[in-house]
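Source file: start10.cif. Holds: mmCIF, C-alpha atoms and all ligand atoms.
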data_final
#
loop_
_atom_site.label_atom_id
_atom_site.label_comp_id
_atom_site.auth_asym_id
_atom_site.auth_seq_id
_atom_site.Cartn_x
_atom_site.Cartn_y
_atom_site.Cartn_z
CA MET A 1 -68.19 -108.91 -39.74
CA TYR A 2 -66.60 -111.90 -41.37
CA GLU A 3 -69.60 -113.39 -43.02
CA THR A 4 -70.12 -114.29 -46.61
CA GLY A 5 -72.50 -112.13 -48.54
CA ASN A 6 -75.30 -114.53 -49.39
CA ASP A 7 -76.59 -116.29 -46.33
CA ASN A 8 -74.82 -114.58 -43.43
CA ARG A 9 -73.01 -117.68 -42.24
CA ALA A 10 -69.44 -117.68 -40.95
CA GLU A 11 -66.82 -118.60 -43.50
CA ARG A 12 -66.24 -122.36 -43.50
CA VAL A 13 -62.57 -123.17 -43.37
CA ILE A 14 -60.45 -126.27 -44.04
CA LEU A 15 -57.06 -126.25 -42.28
CA ILE A 16 -53.98 -127.98 -43.67
CA GLY A 17 -50.78 -128.67 -41.77
CA THR A 18 -47.65 -130.50 -42.83
CA ALA A 19 -45.06 -132.18 -40.65
CA LEU A 20 -42.02 -131.47 -42.79
CA GLY A 21 -38.67 -133.21 -42.41
CA SER A 22 -38.07 -134.19 -38.80
CA THR A 23 -41.13 -132.34 -37.49
CA SER A 24 -43.39 -134.80 -35.66
CA LYS A 25 -47.08 -135.12 -36.40
CA ASP A 26 -47.81 -133.96 -32.83
CA GLU A 27 -45.88 -130.76 -33.38
CA ALA A 28 -47.70 -130.18 -36.66
CA GLU A 29 -51.01 -130.84 -34.87
CA TYR A 30 -50.11 -128.25 -32.26
CA ALA A 31 -49.24 -125.71 -34.97
CA VAL A 32 -52.61 -126.40 -36.62
CA ASP A 33 -54.37 -125.88 -33.26
CA GLU A 34 -52.79 -122.44 -33.25
CA LEU A 35 -53.90 -121.94 -36.85
CA ALA A 36 -57.43 -122.87 -35.73
CA ARG A 37 -57.28 -120.16 -33.04
CA LEU A 38 -56.11 -117.66 -35.63
CA THR A 39 -58.99 -118.72 -37.89
CA ALA A 40 -61.51 -118.26 -35.08
CA THR A 41 -60.03 -114.85 -34.24
CA ALA A 42 -60.58 -113.87 -37.89
CA GLY A 43 -64.21 -115.04 -37.65
CA GLY A 44 -63.91 -118.33 -39.54
CA LEU A 45 -65.33 -121.75 -38.65
CA GLU A 46 -63.14 -124.85 -38.93
CA VAL A 47 -64.99 -127.60 -40.80
CA ALA A 48 -62.14 -130.04 -41.45
CA ARG A 49 -58.41 -130.42 -41.02
CA PHE A 50 -55.71 -132.48 -42.69
CA ILE A 51 -52.17 -133.10 -41.51
CA GLN A 52 -49.61 -134.74 -43.75
CA LYS A 53 -46.12 -136.00 -42.99
CA ARG A 54 -43.71 -135.17 -45.82
CA ASP A 55 -39.99 -134.88 -46.35
CA LYS A 56 -40.33 -131.68 -48.29
CA PRO A 57 -43.10 -129.65 -49.90
CA ASP A 58 -44.37 -130.54 -53.36
CA GLY A 59 -43.33 -127.85 -55.83
CA ALA A 60 -46.76 -127.42 -57.38
CA TYR A 61 -49.22 -128.14 -54.54
CA PHE A 62 -47.13 -128.09 -51.36
CA ILE A 63 -48.99 -131.25 -50.26
CA GLY A 64 -49.05 -134.54 -52.20
CA ARG A 65 -51.33 -135.03 -55.20
CA GLY A 66 -53.37 -137.68 -53.39
CA LEU A 67 -54.10 -135.37 -50.47
CA ALA A 68 -54.87 -132.53 -52.87
CA GLU A 69 -57.62 -134.74 -54.36
CA GLN A 70 -58.95 -135.54 -50.88
CA VAL A 71 -59.05 -131.87 -49.93
CA ALA A 72 -60.82 -131.00 -53.18
CA ALA A 73 -63.49 -133.59 -52.29
CA ALA A 74 -63.72 -132.27 -48.74
CA VAL A 75 -64.24 -128.74 -50.03
CA GLU A 76 -67.32 -129.96 -51.88
CA GLU A 77 -68.56 -132.12 -49.06
CA THR A 78 -68.21 -129.54 -46.28
CA GLU A 79 -69.16 -126.60 -48.50
CA ALA A 80 -65.96 -124.90 -47.48
CA ASP A 81 -65.30 -121.32 -48.57
CA LEU A 82 -61.61 -121.23 -47.81
CA VAL A 83 -58.56 -123.46 -47.38
CA VAL A 84 -55.80 -122.26 -45.04
CA PHE A 85 -52.28 -123.71 -45.09
CA ASP A 86 -50.14 -123.53 -41.98
CA GLU A 87 -46.96 -123.11 -43.99
CA LEU A 88 -46.01 -120.28 -46.30
CA LEU A 89 -47.09 -121.00 -49.86
CA SER A 90 -45.23 -119.74 -52.88
CA PRO A 91 -47.32 -117.56 -55.19
CA ASN A 92 -47.25 -120.43 -57.67
CA GLN A 93 -48.49 -123.05 -55.19
CA GLN A 94 -51.20 -120.69 -54.01
CA ARG A 95 -52.44 -120.25 -57.56
CA ASN A 96 -52.35 -123.98 -58.40
CA LEU A 97 -54.19 -124.88 -55.22
CA GLY A 98 -56.83 -122.20 -55.81
CA GLU A 99 -57.50 -123.66 -59.22
CA LYS A 100 -57.58 -127.20 -57.87
CA PHE A 101 -59.99 -126.49 -54.99
CA ASN A 102 -61.98 -123.77 -56.70
CA VAL A 103 -62.11 -121.74 -53.48
CA LYS A 104 -59.76 -119.19 -51.92
CA VAL A 105 -56.48 -120.59 -50.65
CA ILE A 106 -54.40 -118.59 -48.21
CA ASP A 107 -51.52 -119.30 -45.84
CA ARG A 108 -50.78 -118.50 -42.20
CA ALA A 109 -49.09 -115.20 -43.04
CA MET A 110 -52.11 -113.90 -44.94
CA LEU A 111 -54.47 -115.00 -42.19
CA ILE A 112 -52.37 -113.13 -39.63
CA LEU A 113 -52.38 -110.06 -41.85
CA ASP A 114 -56.18 -110.24 -41.89
CA ILE A 115 -56.27 -110.26 -38.11
CA PHE A 116 -53.83 -107.37 -38.03
CA ALA A 117 -56.12 -105.46 -40.40
CA LEU A 118 -59.09 -106.21 -38.12
CA HIS A 119 -57.29 -105.11 -34.95
CA ALA A 120 -55.36 -102.10 -36.23
CA ARG A 121 -56.68 -98.98 -34.53
CA SER A 122 -54.16 -96.18 -34.76
CA ALA A 123 -53.14 -94.53 -38.02
CA GLU A 124 -49.67 -95.96 -37.58
CA ALA A 125 -50.85 -99.53 -37.06
CA ARG A 126 -53.11 -99.27 -40.10
CA LEU A 127 -50.27 -97.99 -42.26
CA GLN A 128 -47.98 -100.74 -41.00
CA VAL A 129 -50.57 -103.39 -41.78
CA GLU A 130 -51.19 -101.95 -45.22
CA LEU A 131 -47.48 -101.94 -45.91
CA ALA A 132 -47.14 -105.56 -44.79
CA GLN A 133 -50.10 -106.55 -46.99
CA MET A 134 -48.63 -104.81 -50.02
CA VAL A 135 -45.24 -106.44 -49.54
CA TYR A 136 -46.93 -109.82 -49.20
CA LEU A 137 -49.18 -109.33 -52.19
CA LEU A 138 -46.67 -107.86 -54.61
CA PRO A 139 -45.27 -111.20 -55.86
CA ARG A 140 -48.78 -112.68 -55.85
CA LEU A 141 -50.52 -110.07 -57.93
CA THR A 142 -51.16 -112.10 -61.02
CA GLY A 143 -53.53 -114.97 -60.56
CA LEU A 144 -54.48 -114.37 -56.96
CA TRP A 145 -56.48 -111.28 -57.69
CA VAL A 146 -58.00 -112.65 -60.83
CA HIS A 147 -59.17 -115.49 -58.66
CA LEU A 148 -60.29 -113.37 -55.73
CA SER A 149 -62.26 -111.05 -57.94
CA ARG A 150 -64.75 -113.88 -58.38
CA GLN A 151 -65.21 -114.23 -54.62
CA GLN A 152 -67.29 -112.48 -52.04
CA GLY A 153 -65.62 -110.71 -49.14
CA GLY A 154 -64.27 -112.55 -46.11
CA ILE A 155 -61.01 -113.83 -44.74
CA GLY A 156 -58.15 -113.10 -47.07
CA THR A 157 -59.85 -110.20 -48.77
CA LYS A 158 -59.24 -107.52 -46.19
CA GLY A 159 -56.43 -106.38 -48.42
CA PRO A 160 -55.99 -103.02 -49.99
CA GLY A 161 -58.58 -102.03 -52.59
CA GLU A 162 -58.84 -104.42 -55.47
CA THR A 163 -58.88 -101.78 -58.15
CA GLN A 164 -55.48 -100.62 -56.99
CA LEU A 165 -54.13 -104.12 -57.23
CA GLU A 166 -55.65 -104.74 -60.60
CA THR A 167 -53.48 -102.00 -61.98
CA ASP A 168 -49.88 -103.10 -62.13
CA ARG A 169 -46.85 -103.91 -60.10
CA ARG A 170 -45.43 -100.48 -60.61
CA ALA A 171 -48.40 -98.89 -58.93
CA VAL A 172 -48.03 -101.23 -55.96
CA THR A 173 -44.33 -100.57 -55.73
CA LYS A 174 -45.08 -96.86 -55.73
CA LYS A 175 -47.71 -97.35 -53.05
CA ILE A 176 -45.18 -99.23 -50.90
CA ALA A 177 -42.77 -96.32 -51.19
CA ALA A 178 -45.53 -93.85 -50.27
CA LEU A 179 -46.54 -95.91 -47.22
CA LYS A 180 -42.93 -96.04 -46.07
CA GLU A 181 -42.73 -92.27 -46.44
CA ARG A 182 -45.86 -91.73 -44.35
CA LEU A 183 -44.56 -94.11 -41.71
CA LYS A 184 -41.31 -92.18 -41.62
CA LYS A 185 -43.26 -89.02 -40.82
CA ILE A 186 -45.02 -90.74 -37.94
CA ASP A 187 -41.67 -92.04 -36.78
CA ARG A 188 -40.37 -88.49 -36.57
CA GLN A 189 -43.25 -87.66 -34.21
CA ARG A 190 -42.32 -90.70 -32.17
CA GLN A 191 -38.77 -89.50 -31.92
CA THR A 192 -40.04 -86.34 -30.23
CA GLN A 193 -41.96 -88.45 -27.73
CA ARG A 194 -38.87 -90.55 -27.17
CA LYS A 195 -36.81 -87.45 -26.40
CA GLY A 196 -39.20 -86.71 -23.54
CA ARG A 197 -38.40 -90.13 -22.09
CA GLU A 198 -34.65 -89.85 -22.36
CA GLY A 199 -33.99 -89.65 -18.63
CA PHE A 200 -36.12 -92.70 -17.93
CA PHE A 201 -35.21 -96.33 -17.48
CA LYS A 202 -37.03 -97.93 -20.41
CA ILE A 203 -38.60 -101.34 -19.99
CA ALA A 204 -40.27 -103.22 -22.87
CA LEU A 205 -42.70 -106.12 -22.51
CA VAL A 206 -42.15 -108.73 -25.19
CA GLY A 207 -43.46 -112.24 -25.71
CA TYR A 208 -45.50 -114.62 -27.74
CA THR A 209 -49.01 -113.44 -28.57
CA ASN A 210 -51.54 -114.07 -25.75
CA ALA A 211 -48.82 -114.53 -23.09
CA GLY A 212 -50.43 -111.82 -20.95
CA LYS A 213 -48.28 -108.78 -21.76
CA SER A 214 -51.14 -106.28 -21.80
CA THR A 215 -52.62 -107.71 -18.60
CA LEU A 216 -49.28 -107.28 -16.86
CA PHE A 217 -48.87 -103.84 -18.39
CA ASN A 218 -52.19 -102.77 -16.89
CA CYS A 219 -51.16 -104.18 -13.49
CA LEU A 220 -47.95 -102.16 -13.47
CA THR A 221 -49.29 -98.90 -14.94
CA LYS A 222 -52.62 -97.16 -14.88
CA ALA A 223 -53.06 -97.50 -18.61
CA GLY A 224 -56.07 -99.75 -19.17
CA VAL A 225 -55.05 -101.07 -22.60
CA ALA A 226 -57.18 -103.84 -24.09
CA GLU A 227 -56.46 -107.36 -22.90
CA ALA A 228 -58.26 -110.26 -24.53
CA ASP A 229 -58.13 -114.00 -25.01
CA GLN A 230 -57.32 -113.47 -28.64
CA LEU A 231 -54.24 -113.63 -30.76
CA PHE A 232 -52.81 -110.23 -31.62
CA SER A 233 -55.17 -108.08 -29.63
CA THR A 234 -52.34 -105.53 -29.27
CA LEU A 235 -50.75 -103.99 -32.35
CA ASP A 236 -49.79 -100.53 -31.15
CA SER A 237 -47.12 -99.88 -28.63
CA THR A 238 -48.17 -97.93 -25.55
CA THR A 239 -45.72 -96.42 -23.08
CA ARG A 240 -46.54 -95.32 -19.51
CA ARG A 241 -44.81 -94.51 -16.26
CA LEU A 242 -44.57 -97.41 -13.84
CA ALA A 243 -47.26 -96.87 -11.21
CA GLY A 244 -46.49 -96.70 -7.50
CA GLN A 245 -43.56 -95.43 -5.53
CA TYR A 246 -40.79 -97.57 -6.77
CA PRO A 247 -38.98 -97.95 -9.08
CA GLN A 248 -39.21 -94.31 -10.01
CA LYS A 249 -38.14 -92.86 -13.29
CA ALA A 250 -39.07 -95.97 -15.21
CA VAL A 251 -41.39 -96.30 -18.20
CA LEU A 252 -42.94 -99.49 -19.48
CA THR A 253 -43.94 -100.24 -23.09
CA ASP A 254 -46.55 -102.80 -24.17
CA THR A 255 -46.23 -103.97 -27.73
CA VAL A 256 -47.26 -106.40 -30.47
CA GLY A 257 -46.85 -110.12 -29.73
CA PHE A 258 -44.73 -112.52 -31.74
CA ILE A 259 -45.75 -115.76 -33.45
CA GLU A 260 -44.21 -118.66 -35.30
CA LYS A 261 -43.81 -118.74 -39.09
CA LEU A 262 -44.24 -115.07 -39.80
CA PRO A 263 -41.97 -114.01 -42.64
CA HIS A 264 -39.22 -111.61 -41.82
CA GLN A 265 -40.36 -108.88 -44.20
CA LEU A 266 -43.76 -108.76 -42.48
CA VAL A 267 -42.07 -108.25 -39.14
CA ALA A 268 -40.06 -105.51 -40.82
CA SER A 269 -43.28 -103.60 -41.53
CA PHE A 270 -43.67 -103.28 -37.78
CA ARG A 271 -40.18 -101.98 -37.37
CA ALA A 272 -41.30 -98.60 -36.04
CA THR A 273 -43.39 -100.21 -33.31
CA LEU A 274 -40.56 -102.59 -32.51
CA GLU A 275 -38.13 -99.67 -32.24
CA GLU A 276 -39.40 -99.23 -28.71
CA VAL A 277 -38.15 -102.71 -27.92
CA LYS A 278 -34.81 -102.02 -29.54
CA ARG A 279 -34.29 -98.92 -27.44
CA ALA A 280 -35.22 -100.52 -24.13
CA ASP A 281 -32.79 -100.72 -21.21
CA LEU A 282 -34.48 -103.89 -20.00
CA VAL A 283 -36.66 -106.42 -21.81
CA LEU A 284 -39.30 -108.26 -19.78
CA LEU A 285 -39.87 -111.51 -21.64
CA VAL A 286 -43.38 -112.63 -20.70
CA VAL A 287 -44.04 -116.35 -21.02
CA ASP A 288 -47.29 -118.27 -20.54
CA CYS A 289 -45.82 -120.96 -18.29
CA SER A 290 -48.92 -123.14 -18.61
CA ASP A 291 -48.16 -123.59 -22.31
CA PRO A 292 -46.89 -127.10 -23.15
CA TYR A 293 -44.72 -125.66 -25.90
CA LEU A 294 -43.23 -122.81 -23.90
CA ASP A 295 -39.62 -123.59 -24.84
CA ARG A 296 -40.47 -123.49 -28.50
CA LYS A 297 -42.29 -120.18 -28.05
CA ILE A 298 -39.41 -118.69 -26.10
CA GLY A 299 -37.25 -119.76 -29.06
CA VAL A 300 -39.53 -117.85 -31.47
CA VAL A 301 -39.35 -114.73 -29.29
CA GLU A 302 -35.55 -115.02 -29.05
CA ARG A 303 -35.30 -115.24 -32.85
CA VAL A 304 -37.45 -112.15 -33.39
CA LEU A 305 -35.43 -110.25 -30.79
CA GLY A 306 -32.33 -111.22 -32.75
CA ASP A 307 -33.95 -110.15 -36.04
CA ILE A 308 -34.78 -106.68 -34.75
CA GLY A 309 -31.36 -106.18 -33.16
CA ALA A 310 -32.53 -106.49 -29.54
CA ALA A 311 -30.79 -109.74 -28.59
CA ARG A 312 -28.20 -108.09 -26.37
CA ILE A 313 -30.54 -106.02 -24.23
CA PRO A 314 -30.56 -107.15 -20.57
CA ARG A 315 -33.50 -109.42 -20.00
CA LEU A 316 -35.73 -110.63 -17.22
CA THR A 317 -37.96 -113.63 -17.89
CA VAL A 318 -41.43 -113.54 -16.34
CA TYR A 319 -43.38 -116.78 -16.03
CA ASN A 320 -46.99 -115.60 -16.17
CA LYS A 321 -50.23 -117.55 -15.56
CA THR A 322 -48.83 -119.54 -12.63
CA ASP A 323 -52.42 -119.82 -11.40
CA LEU A 324 -52.98 -122.37 -14.18
CA LEU A 325 -50.23 -124.65 -12.87
CA ALA A 326 -50.27 -127.07 -9.96
CA PRO A 327 -48.32 -125.48 -7.05
CA GLU A 328 -45.51 -128.03 -7.30
CA ALA A 329 -45.01 -127.23 -11.00
CA ILE A 330 -44.27 -123.55 -10.38
CA VAL A 331 -40.60 -122.70 -10.77
CA PRO A 332 -39.45 -120.91 -7.62
CA ALA A 333 -38.39 -117.29 -8.00
CA GLY A 334 -34.70 -116.86 -8.63
CA SER A 335 -34.25 -120.47 -9.74
CA SER A 336 -31.47 -121.37 -12.16
CA ASP A 337 -32.74 -119.29 -15.06
CA GLY A 338 -33.71 -116.39 -12.79
CA ALA A 339 -37.28 -116.31 -14.07
CA ILE A 340 -39.90 -114.59 -11.92
CA PRO A 341 -43.18 -116.49 -11.50
CA ILE A 342 -46.29 -114.31 -11.46
CA SER A 343 -49.98 -114.37 -12.15
CA ALA A 344 -51.04 -111.08 -13.69
CA THR A 345 -54.77 -111.78 -13.35
CA GLN A 346 -54.45 -112.90 -9.70
CA ARG A 347 -51.89 -110.16 -9.01
CA VAL A 348 -49.50 -112.65 -7.49
CA GLY A 349 -45.74 -112.09 -7.56
CA LEU A 350 -45.92 -108.48 -8.74
CA ASN A 351 -43.99 -107.05 -5.79
CA ARG A 352 -41.25 -109.57 -6.37
CA LEU A 353 -41.17 -108.59 -10.03
CA LEU A 354 -40.99 -104.88 -9.15
CA ALA A 355 -38.17 -105.62 -6.72
CA ALA A 356 -36.27 -107.50 -9.44
CA ILE A 357 -36.80 -104.56 -11.80
CA SER A 358 -35.46 -102.20 -9.12
CA VAL A 359 -32.32 -104.28 -8.75
CA ARG A 360 -31.72 -104.09 -12.51
CA LEU A 361 -32.46 -100.39 -12.51
CA GLU A 362 -29.90 -99.77 -9.79
CA GLN A 363 -27.32 -101.95 -11.50
CA ASP A 364 -27.67 -100.55 -14.97
CA PHE A 365 -28.97 -97.08 -14.37
CA PRO A 366 -27.59 -95.96 -11.02
CA LYS A 367 -27.78 -92.23 -11.54
CA HIS A 368 -31.52 -92.40 -12.05
CA SER A 369 -32.54 -94.70 -9.23
CA VAL A 370 -33.68 -92.23 -6.64
N1 LIG B 401 -55.13 -117.63 -16.06
C1 LIG B 401 -54.48 -116.51 -16.37
N2 LIG B 401 -54.80 -115.85 -17.49
C2 LIG B 401 -54.11 -114.72 -17.78
C3 LIG B 401 -53.07 -114.23 -16.96
N3 LIG B 401 -52.57 -113.10 -17.53
C4 LIG B 401 -53.28 -112.91 -18.66
N4 LIG B 401 -54.20 -113.86 -18.82
C5 LIG B 401 -55.21 -113.99 -19.89
O1 LIG B 401 -54.55 -114.27 -21.11
C6 LIG B 401 -55.25 -113.66 -22.21
C7 LIG B 401 -54.29 -112.81 -23.01
O2 LIG B 401 -53.89 -111.71 -22.24
P1 LIG B 401 -53.30 -110.38 -22.90
O3 LIG B 401 -52.77 -109.56 -21.77
O4 LIG B 401 -54.26 -109.76 -23.84
O5 LIG B 401 -52.08 -111.03 -23.72
P2 LIG B 401 -51.04 -110.30 -24.68
O6 LIG B 401 -49.72 -110.96 -24.45
O7 LIG B 401 -51.09 -108.82 -24.51
O8 LIG B 401 -51.60 -110.75 -26.10
P3 LIG B 401 -51.55 -110.00 -27.55
O9 LIG B 401 -51.62 -108.55 -27.36
O10 LIG B 401 -52.74 -110.56 -28.24
O11 LIG B 401 -50.27 -110.47 -28.18
C8 LIG B 401 -56.38 -112.86 -21.58
O12 LIG B 401 -57.56 -113.62 -21.66
C9 LIG B 401 -55.94 -112.68 -20.13
O13 LIG B 401 -57.02 -112.54 -19.23
C10 LIG B 401 -52.76 -114.97 -15.76
O14 LIG B 401 -51.90 -114.61 -14.96
N5 LIG B 401 -53.50 -116.10 -15.53
MG MG B 402 -51.55 -107.36 -25.77
#
Would you write out, as structure tokens, the structure that this file holds?
Amino acid sequence: MYETGNDNRAERVILIGTALGSTSKDEAEYAVDELARLTATAGGLEVARFIQKRDKPDGAYFIGRGLAEQVAAAVEETEADLVVFDELLSPNQQRNLGEKFNVKVIDRAMLILDIFALHARSAEARLQVELAQMVYLLPRLTGLWVHLSRQQGGIGTKGPGETQLETDRRAVTKKIAALKERLKKIDRQRQTQRKGREGFFKIALVGYTNAGKSTLFNCLTKAGVAEADQLFSTLDSTTRRLAGQYPQKAVLTDTVGFIEKLPHQLVASFRATLEEVKRADLVLLVVDCSDPYLDRKIGVVERVLGDIGAARIPRLTVYNKTDLLAPEAIVPAGSSDGAIPISATQRVGLNRLLAAISVRLEQDFPKHSV
């Protein structure tokens, strides 16, 4: 799917990370590991990576001139097709770097948008992705598309049709307005569905991408949504009754995962999907407890919850993937932070989780807890 036209090989990708300010090189390395997973999810092949420690980004190239020369040489040497930066590039930097390396240059946000475009299934998800792409591309119209028009397809070109973008900003602005209008229509349909759930205790699964939300969702409902060892396998929200006897009158929603360094306006394109989170009576924050950077990821999820106006919703933290930890490392249930340890794949701890949900339901929703 993601192969270059000529010789059917995967796109060859050089990854660039920067440890800015007080960020350590280890942290930057970890962020680039995540970027590598995103690249693989999009069908690319990592052929080299560079990590630079800097106080602040260079205005023209983001990285230093010396490193820019090194990367240009590496592009030649490794026959790379694409250079991906872990940080957000300004339109100007993106253009300068493209000219310097003579291959496509994209950043983390654009790579994620590509994956979204690949994984979007429903009409709503596709519209949301298209909207996010348009908003991202609007300030980058000049230069980027002139440059891309010389390239074959591949990562970073899953954008809206080129001819549209070759027209002018006004056309894109109009398109953005039209997409918002269409999304509004879909949102009205959603409102009708929401009405049908008014008497229910609404629970939303949230968490970093790949934490195991969909796996847990399938354990607790009879939905069978896709679960995969991939970043952003879920884009649509799905809502189902909780399976089993108890708690009754509760519905659970599975939704899109969160990730670091995704600009706010891109998250905003998924506002309709995230509405379900905003309207929840209880948020289940699913954490991969085997992740060495779990605190940092919880921080990212907290920030997004704040951004979408869901910070004050009662919350229950679920430590998933306990099967990957040594027994002594597992936090006991009901420990200081009240997190519930589970393993969704091994179906361990689910009864305890359901019991904790029941307690919340009775506390916050007494008239409905039959
Ligand atoms: N070892 C282990 N793996 C798990 C567990 N729960 C989920 N996984 C795996 O983690 C990967 C991601 O699971 P998903 O349920 O798709 O994660 P998600 O949070 O929905 O991810 P996105 O929708 O991509 O944001 C899959 O390969 C699951 O099999 C668990 O308890 N233990
Ligand atoms: Mg999922």
Open item on the list: Distance limit 6 Å, reference ligand LIG 401 (chain B), atoms considered: all atoms listed in the file. Which residues make the cut? Give them as a VMD selection string.
Closed with: chain A and resid 209 to 215 227 to 234 256 to 257 320 to 321 323 to 324 343 to 345
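Within 7 Å of Leu131 (chain A), once all atoms listed in the file are used and residues closer than 3 positions along the same chain are dropped, the contacting residues are A:Leu127, A:Gln128, A:Met134, A:Val135, A:Ile176, A:Leu179, A:Ser269.
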Task: Gap from CA of Leu20 (chain A) to CA of Asp307 (chain A) - Å, one decimal - done: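 That distance, rounded to one decimal, is 23.8 Å.
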- [ ] Find the spatial neighbours of Ile115 (chain A), counting all atoms listed in the file, within a cut-off of 7 Å - ignore same-chain residues fewer than 4 positions away - and output them as a list in words.
- [x] Ala42, Leu111 and His119 of chain A
Just the selected residues (C-alpha atoms), exported as a PDB file, in the coordinates of the input, please.
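Saved result, result_36.pdb, follows:
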ATOM      1  CA  ALA A  42     -60.580-113.870 -37.890  1.00  0.00           C
ATOM      2  CA  LEU A 111     -54.470-115.000 -42.190  1.00  0.00           C
ATOM      3  CA  HIS A 119     -57.290-105.110 -34.950  1.00  0.00           C
TER       4      HIS A 119
END
Open item on the list: Counting all atoms listed in the file, which residues have an atom no more than 12 Å from (-34.1, -98.4, -28.7) in the file's coordinates? Please list them as an NGL selection string.
Closed with: :A and (190-191 or 194-195 or 197-198 or 201-204 or 253 or 271-283 or 308-313)
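As for CA of Val129 (chain A) and CA of Leu88 (chain A), they are spaced 18.1 Å apart.
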TODO: Name the residues in contact with Cys219 (chain A) at a cut-off of 12 Å, using all atoms listed in the file, excluding same-chain residues fewer than 4 positions from it; report them as a PyMOL selection string.
DONE: chain A and resi 212-215+223-225+227+240-244+252+254+342-351+353-354
Open item on the list: For a test of reading the model, state the distance in Å between CA of Ala356 (chain A) and CA of Leu316 (chain A), rounded to one decimal.
Closed with: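 Atom-to-atom, CA of Ala356 (chain A) to CA of Leu316 (chain A), that is 8.4 Å.
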Task: Selection: 10 Å around Ala31 (chain A), all atoms listed in the file, excl. self and same-chain fewer than 5 positions, as an MDAnalysis selection string - done: chainID A and resid 17:19 25:26 36:37 86:87 260:261
Limited to C-alpha atoms, could you put the picked residues into a file as a PDB file, in the coordinates of the input?
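Below is the file selection_32.pdb, written as the result:
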ATOM      1  CA  GLY A  17     -50.780-128.670 -41.770  1.00  0.00           C
ATOM      2  CA  THR A  18     -47.650-130.500 -42.830  1.00  0.00           C
ATOM      3  CA  ALA A  19     -45.060-132.180 -40.650  1.00  0.00           C
ATOM      4  CA  LYS A  25     -47.080-135.120 -36.400  1.00  0.00           C
ATOM      5  CA  ASP A  26     -47.810-133.960 -32.830  1.00  0.00           C
ATOM      6  CA  ALA A  36     -57.430-122.870 -35.730  1.00  0.00           C
ATOM      7  CA  ARG A  37     -57.280-120.160 -33.040  1.00  0.00           C
ATOM      8  CA  ASP A  86     -50.140-123.530 -41.980  1.00  0.00           C
ATOM      9  CA  GLU A  87     -46.960-123.110 -43.990  1.00  0.00           C
ATOM     10  CA  GLU A 260     -44.210-118.660 -35.300  1.00  0.00           C
ATOM     11  CA  LYS A 261     -43.810-118.740 -39.090  1.00  0.00           C
TER      12      LYS A 261
END
TODO: Please identify all polymer residues within 12 Å of Asn96 (chain A), counting all atoms listed in the file, omitting same-chain residues fewer than 6 positions from it, and present them as a PyMOL selection string.
DONE: chain A and resi 58-63+65+68+89-90+102-106+143-144+147
Task: Residue nearest ligand MG 402 (chain B) among A:Pro263, A:Gly338, A:Gly207, A:Pro314 (counting all atoms listed in the file) - done: A:Gly207
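For the choices A:Ile51, A:Ala40, A:Ala326, A:Ile357, the atom-to-atom distance to Thr23 (chain A) is smallest for A:Ile51 when using all atoms listed in the file.
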